[in-house]
>>> print(open('entry-v7.tsv').read())   # TSV, C-alpha atoms
chain	number	residue	atom	x	y	z
A	88	MET	CA	75.60	127.87	133.94
A	89	VAL	CA	77.50	126.06	136.70
A	90	ALA	CA	77.80	127.77	140.08
A	91	GLU	CA	80.78	126.85	142.22
A	92	LEU	CA	80.84	127.29	145.98
A	93	ALA	CA	84.30	126.96	147.50
A	94	PHE	CA	84.76	125.26	150.87
A	95	SER	CA	87.42	125.95	153.45
A	96	THR	CA	88.08	123.53	156.29
A	97	SER	CA	85.91	125.78	158.46
A	98	ASP	CA	83.06	125.72	155.92
A	99	LEU	CA	83.16	121.94	155.73
A	100	ALA	CA	83.06	121.73	159.53
A	101	GLN	CA	79.86	123.81	159.50
A	102	VAL	CA	77.86	121.59	157.13
A	103	ARG	CA	74.68	120.50	158.91
A	104	PHE	CA	71.13	119.28	158.31
A	105	ALA	CA	67.83	120.77	159.42
A	106	VAL	CA	64.14	120.00	159.00
A	107	SER	CA	62.28	123.23	158.24
A	108	PRO	CA	58.46	123.49	158.19
A	109	MET	CA	58.57	126.79	156.29
A	110	TRP	CA	60.61	125.27	153.47
A	111	GLU	CA	57.57	123.09	152.74
A	112	VAL	CA	55.13	126.00	152.49
A	113	ALA	CA	56.05	127.66	149.18
A	114	PRO	CA	56.49	124.50	147.07
A	115	SER	CA	53.35	122.88	148.50
A	116	PHE	CA	51.35	126.06	147.86
A	117	ARG	CA	52.66	126.22	144.30
A	118	LEU	CA	51.64	122.61	143.72
A	119	LEU	CA	48.12	123.22	145.04
A	120	THR	CA	47.53	126.36	142.98
A	121	SER	CA	48.98	124.98	139.76
A	122	GLY	CA	45.82	122.92	139.16
A	123	ALA	CA	47.89	120.18	137.54
A	124	ALA	CA	47.73	116.56	138.64
A	125	HIS	CA	50.81	115.45	140.54
A	126	PRO	CA	52.12	111.88	140.27
A	127	ILE	CA	53.19	111.71	143.92
A	128	HIS	CA	51.24	114.27	145.92
A	129	GLY	CA	47.89	113.86	144.16
A	130	PRO	CA	46.11	112.08	147.07
A	131	TRP	CA	47.23	114.78	149.51
A	132	ALA	CA	46.33	117.62	147.12
A	133	ASP	CA	42.84	116.22	146.55
A	134	GLN	CA	42.23	116.26	150.31
A	135	VAL	CA	43.61	119.69	151.16
A	136	ARG	CA	42.88	121.83	148.09
A	137	PRO	CA	39.15	122.27	148.89
A	138	ARG	CA	40.02	123.36	152.45
A	139	MET	CA	42.61	125.81	151.18
A	140	VAL	CA	40.20	127.36	148.68
A	141	ALA	CA	37.36	127.54	151.23
A	142	ALA	CA	39.66	129.49	153.55
A	143	GLY	CA	40.55	131.92	150.75
A	144	LEU	CA	44.26	131.08	150.94
A	145	ASP	CA	44.48	130.88	147.16
A	146	ARG	CA	43.66	134.61	147.03
A	147	GLY	CA	45.78	135.93	149.90
A	148	TRP	CA	49.37	136.88	150.66
A	149	LEU	CA	50.84	133.59	149.51
A	150	ARG	CA	49.28	134.01	146.08
A	151	GLU	CA	51.42	137.11	145.53
A	152	LEU	CA	54.51	135.89	147.38
A	153	VAL	CA	54.77	132.51	145.61
A	154	PRO	CA	54.73	132.79	141.80
A	155	PRO	CA	52.56	129.96	140.45
A	156	THR	CA	54.86	129.06	137.56
A	157	GLY	CA	58.10	128.78	139.49
A	158	GLY	CA	60.97	131.15	140.08
A	159	TYR	CA	62.12	133.24	142.99
A	160	VAL	CA	60.38	133.14	146.39
A	161	PRO	CA	61.31	135.93	148.85
A	162	ASP	CA	64.10	134.76	151.11
A	163	PHE	CA	62.51	136.15	154.28
A	164	LEU	CA	59.92	133.35	154.04
A	165	ASN	CA	62.70	130.85	154.76
A	166	PRO	CA	64.67	132.07	157.78
A	167	ALA	CA	67.75	130.03	158.57
A	168	PRO	CA	66.79	127.29	161.08
A	169	ALA	CA	68.54	127.97	164.37
A	170	GLY	CA	68.57	124.26	165.26
A	171	PRO	CA	67.99	120.86	163.66
A	172	ALA	CA	64.19	121.05	163.78
A	173	PRO	CA	62.61	124.45	164.54
A	174	THR	CA	58.89	124.56	165.24
A	175	PRO	CA	56.53	126.28	162.80
A	176	ALA	CA	55.84	128.91	165.47
A	177	ALA	CA	59.55	129.66	165.88
A	178	GLU	CA	59.98	130.09	162.14
A	179	ARG	CA	56.94	132.38	161.95
A	180	ASP	CA	58.44	134.47	164.76
A	181	ALA	CA	61.64	134.76	162.73
A	182	ILE	CA	59.62	135.92	159.71
A	183	ARG	CA	57.86	138.55	161.82
A	184	ALA	CA	61.28	139.77	162.98
A	185	SER	CA	62.70	140.12	159.45
A	186	PRO	CA	64.50	143.47	159.05
A	187	ALA	CA	62.55	145.96	156.94
A	188	HIS	CA	65.46	146.49	154.54
A	189	ARG	CA	65.68	142.74	153.92
A	190	VAL	CA	61.96	142.47	153.16
A	191	ARG	CA	62.13	145.40	150.74
A	192	GLN	CA	65.22	143.97	149.07
A	193	ASP	CA	63.53	140.59	148.59
A	194	LEU	CA	60.37	142.21	147.23
A	195	ASP	CA	62.42	144.30	144.79
A	196	HIS	CA	64.06	141.10	143.61
A	197	LEU	CA	60.65	139.46	143.22
A	198	ALA	CA	59.43	142.45	141.21
A	199	CYS	CA	62.42	142.07	138.85
A	200	HIS	CA	61.42	138.44	138.25
A	201	GLN	CA	57.69	139.10	137.85
A	202	GLY	CA	57.72	142.56	136.34
A	203	HIS	CA	55.54	144.04	139.09
A	204	LEU	CA	54.24	143.61	142.63
A	205	GLY	CA	50.60	143.00	143.49
A	206	PRO	CA	48.68	145.39	145.77
A	207	ARG	CA	49.39	143.45	148.96
A	208	LEU	CA	53.11	143.30	148.28
A	209	ARG	CA	53.28	146.99	147.44
A	210	ALA	CA	51.71	147.66	150.83
A	211	LEU	CA	54.17	145.25	152.48
A	212	HIS	CA	57.05	147.05	150.76
A	213	ASN	CA	55.82	150.34	152.23
A	214	ASP	CA	55.25	148.98	155.74
A	215	PRO	CA	57.12	145.70	156.41
A	216	GLN	CA	57.02	145.96	160.18
A	217	GLY	CA	53.31	146.67	160.20
A	218	LEU	CA	52.24	143.95	157.78
A	219	LEU	CA	54.61	141.03	158.42
A	220	ALA	CA	52.26	139.99	161.23
A	221	LYS	CA	49.49	139.59	158.63
A	222	VAL	CA	51.76	137.41	156.50
A	223	ALA	CA	52.63	135.29	159.55
A	224	GLU	CA	48.93	134.89	160.41
A	225	GLU	CA	48.20	133.55	156.94
A	226	LEU	CA	51.20	131.23	157.16
A	227	GLU	CA	49.81	129.86	160.43
A	228	THR	CA	46.39	129.27	158.86
A	229	TYR	CA	47.97	127.57	155.86
A	230	TRP	CA	50.11	125.37	158.08
A	231	GLU	CA	47.18	124.24	160.24
A	232	LEU	CA	44.92	123.49	157.27
A	233	VAL	CA	47.33	122.05	154.75
A	234	LEU	CA	50.45	120.63	156.39
A	235	ALA	CA	50.06	120.15	160.15
A	236	PRO	CA	47.65	117.17	159.97
A	237	TYR	CA	50.17	115.34	157.77
A	238	TRP	CA	53.36	116.52	159.43
A	239	ALA	CA	54.07	113.33	161.41
A	240	ARG	CA	54.15	111.34	158.18
A	241	ILE	CA	56.14	113.98	156.29
A	242	ARG	CA	58.58	114.40	159.17
A	243	ALA	CA	59.25	110.66	159.26
A	244	VAL	CA	60.37	110.77	155.61
A	245	LEU	CA	62.59	113.80	156.21
A	246	ASP	CA	64.18	112.29	159.33
A	247	ALA	CA	64.84	109.02	157.48
A	248	ASP	CA	66.58	110.95	154.72
A	249	ILE	CA	68.85	112.70	157.21
A	250	LEU	CA	69.73	109.41	158.93
A	251	TYR	CA	70.61	107.86	155.57
A	252	ARG	CA	72.86	110.76	154.59
A	253	ALA	CA	74.46	111.01	158.01
A	254	ARG	CA	75.47	107.37	157.64
A	255	LEU	CA	76.88	108.09	154.19
A	256	ALA	CA	79.03	110.85	155.66
A	257	ALA	CA	80.15	108.63	158.55
A	258	GLU	CA	81.09	105.73	156.27
A	259	HIS	CA	82.39	107.50	153.17
A	260	GLY	CA	83.04	111.14	154.09
A	261	ALA	CA	81.41	114.50	153.43
A	262	GLY	CA	82.43	114.52	149.76
A	263	HIS	CA	80.46	111.35	149.09
A	264	LEU	CA	77.48	112.81	150.95
A	265	LEU	CA	77.47	115.95	148.81
A	266	ASN	CA	77.90	113.98	145.58
A	267	ASP	CA	74.84	111.91	146.46
A	268	LEU	CA	72.47	114.84	147.12
A	269	HIS	CA	71.14	115.50	143.61
A	270	THR	CA	72.05	114.93	139.98
A	271	SER	CA	72.75	118.65	139.53
A	272	VAL	CA	75.18	118.76	142.47
A	273	SER	CA	78.76	117.51	142.51
A	274	TRP	CA	81.71	117.80	144.86
A	275	ASP	CA	85.31	118.02	143.68
A	276	ASP	CA	88.49	119.82	144.63
A	277	ASN	CA	87.04	121.49	147.76
A	278	ALA	CA	84.09	123.01	145.92
A	279	LEU	CA	80.39	122.29	145.52
A	280	ARG	CA	79.17	122.70	141.95
A	281	MET	CA	75.54	123.21	140.99
A	282	SER	CA	74.54	123.02	137.33
A	283	ARG	CA	71.62	124.85	135.72
A	284	ARG	CA	71.92	127.74	138.17
A	285	LYS	CA	71.26	131.21	136.72
A	286	GLN	CA	73.34	133.20	139.22
A	287	PRO	CA	76.95	132.74	140.39
A	288	LEU	CA	77.53	131.56	143.95
A	289	THR	CA	80.49	132.74	146.01
A	290	ARG	CA	81.36	132.80	149.68
A	291	THR	CA	80.98	136.58	149.61
A	292	THR	CA	77.34	136.30	148.54
A	293	ALA	CA	76.50	133.05	150.33
A	294	GLY	CA	77.94	133.16	153.85
A	295	THR	CA	79.85	130.39	155.63
A	296	GLY	CA	79.15	126.66	155.96
A	297	LEU	CA	76.17	124.92	154.35
A	298	LEU	CA	72.70	124.08	155.62
A	299	LEU	CA	71.11	121.03	153.96
A	300	ILE	CA	67.32	120.81	154.12
A	301	PRO	CA	65.48	117.69	152.91
A	302	SER	CA	62.05	118.54	151.54
A	303	ALA	CA	58.92	116.59	150.67
A	304	PHE	CA	57.57	119.13	148.18
A	305	THR	CA	60.74	120.59	146.64
A	306	GLY	CA	61.47	118.71	143.48
A	307	PRO	CA	62.58	117.56	141.13
A	308	GLY	CA	65.02	120.48	141.28
A	309	LEU	CA	66.79	122.28	144.09
A	310	ARG	CA	65.99	125.50	145.93
A	311	THR	CA	68.59	127.73	147.51
A	312	ARG	CA	68.73	130.69	149.86
A	313	THR	CA	71.85	132.83	150.14
A	314	THR	CA	71.51	135.63	152.69
A	315	PRO	CA	74.74	136.40	154.58
A	316	PRO	CA	75.60	136.15	157.38
A	317	ASP	CA	73.30	133.11	157.43
A	318	PRO	CA	74.81	129.94	155.98
A	319	PRO	CA	73.68	129.13	152.44
A	320	GLN	CA	70.63	126.87	152.49
A	321	LEU	CA	70.14	124.08	149.98
A	322	ALA	CA	66.72	122.37	149.92
A	323	TYR	CA	66.70	119.09	148.02
A	324	PRO	CA	64.10	116.34	147.36
A	325	ALA	CA	64.14	113.85	150.23
A	326	ARG	CA	64.49	110.13	149.61
A	327	GLY	CA	61.29	108.13	150.08
A	328	VAL	CA	58.89	110.88	149.02
A	329	GLY	CA	57.53	108.60	146.28
A	330	SER	CA	55.85	106.38	148.87
A	331	LEU	CA	54.75	109.20	151.18
A	332	TRP	CA	51.01	108.86	150.47
A	333	THR	CA	50.94	105.12	149.79
A	334	LYS	CA	48.32	103.50	151.98
A	335	ARG	CA	49.98	101.38	154.63
A	336	PRO	CA	48.13	98.19	155.49
A	337	VAL	CA	47.67	97.50	159.19
A	338	THR	CA	46.71	93.89	159.68
A	339	GLN	CA	47.99	92.75	163.06
A	340	THR	CA	46.09	94.86	165.57
A	341	ASP	CA	44.88	92.23	168.04
A	342	THR	CA	47.77	92.88	170.43
A	343	LEU	CA	47.25	96.63	170.20
A	344	SER	CA	43.50	96.24	170.75
A	345	ALA	CA	44.20	94.36	173.97
A	346	VAL	CA	46.00	97.46	175.26
A	347	LEU	CA	44.05	100.35	173.74
A	348	GLY	CA	40.70	98.72	173.22
A	349	ARG	CA	39.08	97.76	169.92
A	350	SER	CA	37.41	101.12	169.23
A	351	ARG	CA	40.49	103.23	169.91
A	352	THR	CA	42.60	100.93	167.75
A	353	LEU	CA	40.00	101.10	165.00
A	354	LEU	CA	40.12	104.89	165.06
A	355	LEU	CA	43.90	104.90	164.85
A	356	THR	CA	43.85	102.65	161.81
A	357	GLU	CA	41.15	104.80	160.19
A	358	LEU	CA	43.34	107.88	160.62
A	359	GLU	CA	45.48	106.84	157.68
A	360	ILE	CA	44.37	110.24	156.46
A	361	PRO	CA	43.30	113.02	158.85
A	362	ALA	CA	39.56	113.15	159.48
A	363	SER	CA	36.90	114.87	161.56
A	364	THR	CA	34.76	113.29	164.27
A	365	THR	CA	31.79	113.11	161.88
A	366	GLN	CA	33.83	111.45	159.15
A	367	LEU	CA	35.24	108.89	161.57
A	368	ALA	CA	31.79	108.10	162.95
A	369	HIS	CA	30.51	107.55	159.41
A	370	ARG	CA	33.41	105.28	158.50
A	371	THR	CA	33.47	103.18	161.66
A	372	GLY	CA	29.82	103.01	162.68
A	373	LEU	CA	30.69	104.37	166.12
A	374	SER	CA	28.51	107.12	167.56
A	375	PRO	CA	29.87	110.70	167.22
A	376	ALA	CA	29.86	111.00	171.02
A	377	GLY	CA	31.85	107.79	171.34
A	378	VAL	CA	34.34	108.87	168.67
A	379	SER	CA	34.83	112.19	170.46
A	380	GLN	CA	35.44	110.43	173.78
A	381	TYR	CA	37.94	107.98	172.29
A	382	LEU	CA	39.77	110.73	170.40
A	383	THR	CA	40.13	112.74	173.58
A	384	ALA	CA	41.73	109.73	175.28
A	385	LEU	CA	44.06	109.14	172.32
A	386	ARG	CA	45.01	112.80	172.25
A	387	ASN	CA	45.77	112.80	175.97
A	388	ALA	CA	48.01	109.79	175.38
A	389	GLY	CA	49.95	111.61	172.65
A	390	LEU	CA	48.72	109.34	169.86
A	391	VAL	CA	46.45	111.85	168.08
A	392	SER	CA	46.77	115.55	167.31
A	393	ALA	CA	43.95	118.00	166.54
A	394	HIS	CA	44.02	120.72	163.89
A	395	ARG	CA	41.42	123.42	163.25
A	396	ALA	CA	40.07	123.36	159.66
A	397	GLY	CA	37.44	126.08	159.35
A	398	ARG	CA	34.46	125.01	161.43
A	399	SER	CA	35.76	121.47	161.77
A	400	VAL	CA	38.63	119.87	163.66
A	401	LEU	CA	40.79	117.34	161.86
A	402	TYR	CA	42.43	114.58	163.85
A	403	ALA	CA	45.70	113.01	162.76
A	404	ARG	CA	48.00	110.29	163.98
A	405	THR	CA	51.18	111.46	165.69
A	406	ALA	CA	54.64	110.02	165.10
A	407	ALA	CA	54.19	107.96	168.28
A	408	ALA	CA	51.00	106.41	166.86
A	409	GLU	CA	52.70	105.65	163.55
A	410	ALA	CA	55.50	103.85	165.37
A	411	LEU	CA	53.03	101.97	167.57
A	412	LEU	CA	51.01	100.72	164.59
A	413	GLN	CA	54.14	99.73	162.71
A	414	ALA	CA	55.39	97.75	165.71
A	415	ALA	CA	52.00	96.04	166.08
A	416	SER	CA	52.05	95.01	162.42
A	417	ALA	CA	55.58	93.62	162.51
>>> encode(input="entry-v7.tsv", output="structure tokens")
Amino acid sequence: MVAELAFSTSDLAQVRFAVSPMWEVAPSFRLLTSGAAHPIHGPWADQVRPRMVAAGLDRGWLRELVPPTGGYVPDFLNPAPAGPAPTPAAERDAIRASPAHRVRQDLDHLACHQGHLGPRLRALHNDPQGLLAKVAEELETYWELVLAPYWARIRAVLDADILYRARLAAEHGAGHLLNDLHTSVSWDDNALRMSRRKQPLTRTTAGTGLLLIPSAFTGPGLRTRTTPPDPPQLAYPARGVGSLWTKRPVTQTDTLSAVLGRSRTLLLTELEIPASTTQLAHRTGLSPAGVSQYLTALRNAGLVSAHRAGRSVLYARTAAAEALLQAASA
């Protein structure tokens, strides 16, 4: 079936992009719980799956909200981004504020797809306002364990995709931009057409404008959210995801070492993947006390972020550190 979404001049004027942390949650969770090897995200999954299981996240709310074999995910988990890049906390607040009737409607829709609701979701259906806080708490734990330590790298890919597509629109027009999004999407005669869609798509059911959301974990297909009066959301696989976890060699660090010091530079290069103080001490030969001291300095300088992972703290490079290392290697 081909769904056709008509565009007025006003709709076309309201086409915009956004980076949404919550749009990465459901597809990344589905990937981790599938148990199957993934050709792109395998290195990331191998690192985070043990942490997710140890925290019991594979047996919690997300397990019932995100069907493991694909299909519908409740729309209230993906509130419409109010700006170009909402924070995870802002999106969780929006989830907590979801109207009770909307939550129940989404859960009824999920039950139609799955045939039933699990015990947690039956309780959520009975008391949305009382239990959405529990859902948001689990989403926060999942984010901190699974996605936050890698967000600087993921965000760089998503931002690069938006810049590429913004240039397409500037040079060739919005029609060319929409035709380039995905093989199942085409633009013609003031309408966006999406093939292999099970349900029709009209302005009455979809709202005005269009919100385009590049995603690292959505793929190879598309995901949509149509909840008027919000604009329809279309999440598509971002360009460059294939090289997301490719190890990036850093060879020219002498100049950077002269500024940061050899040990701090060494730690930054070792944080190709997020790691704890103990892991970094083992890899570098530095003392745990020294690693802790250097990490504190790097964190104060905005080059490292810290993320709680059970009893440990994982340190990760920030976007500023990524840019600094890239400039040093040029």
>>> residues_around(input="entry-v7.tsv", residues="Ala176 in chain A", least_positions_apart="2", cutoff="12 Å", atoms="all atoms listed in the file", output="PDB file with C-alpha atoms, in the coordinates of the input")
ATOM      1  CA  SER A 107      62.280 123.230 158.240  1.00  0.00           C
ATOM      2  CA  PRO A 108      58.460 123.490 158.190  1.00  0.00           C
ATOM      3  CA  MET A 109      58.570 126.790 156.290  1.00  0.00           C
ATOM      4  CA  PRO A 168      66.790 127.290 161.080  1.00  0.00           C
ATOM      5  CA  ALA A 172      64.190 121.050 163.780  1.00  0.00           C
ATOM      6  CA  PRO A 173      62.610 124.450 164.540  1.00  0.00           C
ATOM      7  CA  THR A 174      58.890 124.560 165.240  1.00  0.00           C
ATOM      8  CA  GLU A 178      59.980 130.090 162.140  1.00  0.00           C
ATOM      9  CA  ARG A 179      56.940 132.380 161.950  1.00  0.00           C
ATOM     10  CA  ASP A 180      58.440 134.470 164.760  1.00  0.00           C
ATOM     11  CA  ALA A 181      61.640 134.760 162.730  1.00  0.00           C
ATOM     12  CA  ILE A 182      59.620 135.920 159.710  1.00  0.00           C
ATOM     13  CA  ARG A 183      57.860 138.550 161.820  1.00  0.00           C
ATOM     14  CA  ALA A 223      52.630 135.290 159.550  1.00  0.00           C
ATOM     15  CA  GLU A 224      48.930 134.890 160.410  1.00  0.00           C
ATOM     16  CA  LEU A 226      51.200 131.230 157.160  1.00  0.00           C
ATOM     17  CA  GLU A 227      49.810 129.860 160.430  1.00  0.00           C
ATOM     18  CA  THR A 228      46.390 129.270 158.860  1.00  0.00           C
ATOM     19  CA  TRP A 230      50.110 125.370 158.080  1.00  0.00           C
ATOM     20  CA  GLU A 231      47.180 124.240 160.240  1.00  0.00           C
ATOM     21  CA  ALA A 235      50.060 120.150 160.150  1.00  0.00           C
TER      22      ALA A 235
END
>>> residues_around(input="entry-v7.tsv", residues="range 288-298 of chain A", least_positions_apart="4", cutoff="8 Å", atoms="only C-alpha atoms", output="CSV table (one decimal) with C-alpha atoms, in the coordinates of the input")
chain,number,residue,atom,x,y,z
A,90,ALA,CA,77.8,127.8,140.1
A,91,GLU,CA,80.8,126.8,142.2
A,92,LEU,CA,80.8,127.3,146.0
A,93,ALA,CA,84.3,127.0,147.5
A,94,PHE,CA,84.8,125.3,150.9
A,97,SER,CA,85.9,125.8,158.5
A,98,ASP,CA,83.1,125.7,155.9
A,99,LEU,CA,83.2,121.9,155.7
A,100,ALA,CA,83.1,121.7,159.5
A,101,GLN,CA,79.9,123.8,159.5
A,102,VAL,CA,77.9,121.6,157.1
A,103,ARG,CA,74.7,120.5,158.9
A,104,PHE,CA,71.1,119.3,158.3
A,105,ALA,CA,67.8,120.8,159.4
A,313,THR,CA,71.8,132.8,150.1
A,314,THR,CA,71.5,135.6,152.7
A,315,PRO,CA,74.7,136.4,154.6
A,316,PRO,CA,75.6,136.2,157.4
A,317,ASP,CA,73.3,133.1,157.4
A,318,PRO,CA,74.8,129.9,156.0
A,319,PRO,CA,73.7,129.1,152.4
A,320,GLN,CA,70.6,126.9,152.5
A,321,LEU,CA,70.1,124.1,150.0
>>> residues_around(input="entry-v7.tsv", residues="Thr340 in chain A", least_positions_apart="6", cutoff="12 Å", atoms="all atoms listed in the file", output="number ranges by chain")
A: 346-356, 411-417
>>> closest_residue(input="entry-v7.tsv", among="A:Lys221, A:Thr311, A:Thr120, A:Ala184", to="Val160 in chain A", atoms="all atoms listed in the file")
A:Thr311
>>> closest_residue(input="entry-v7.tsv", among="A:Ser271, A:Ser95, A:Gln134, A:Gln192", to="Trp332 in chain A", atoms="only C-alpha atoms")
A:Gln134
>>> residues_around(input="entry-v7.tsv", residues="Ala408 in chain A", least_positions_apart="5", cutoff="8 Å", atoms="all atoms listed in the file", output="PDB file with C-alpha atoms, in the frame of the given file")
ATOM      1  CA  LEU A 355      43.900 104.900 164.850  1.00  0.00           C
ATOM      2  CA  GLY A 389      49.950 111.610 172.650  1.00  0.00           C
ATOM      3  CA  LEU A 390      48.720 109.340 169.860  1.00  0.00           C
ATOM      4  CA  VAL A 391      46.450 111.850 168.080  1.00  0.00           C
TER       5      VAL A 391
END
>>> residues_near_point(input="entry-v7.tsv", point="(57.3, 110.4, 149.8)", cutoff="8 Å", atoms="only C-alpha atoms", output="compact mmCIF listing (two decimals) with C-alpha atoms, keeping the file's coordinate frame")
# COMPACT_ATOMS: atom_id res chain seq x y z
CA ILE A 127 53.19 111.71 143.92
CA ILE A 241 56.14 113.98 156.29
CA VAL A 244 60.37 110.77 155.61
CA ALA A 303 58.92 116.59 150.67
CA ALA A 325 64.14 113.85 150.23
CA ARG A 326 64.49 110.13 149.61
CA GLY A 327 61.29 108.13 150.08
CA VAL A 328 58.89 110.88 149.02
CA GLY A 329 57.53 108.60 146.28
CA SER A 330 55.85 106.38 148.87
CA LEU A 331 54.75 109.20 151.18
CA TRP A 332 51.01 108.86 150.47
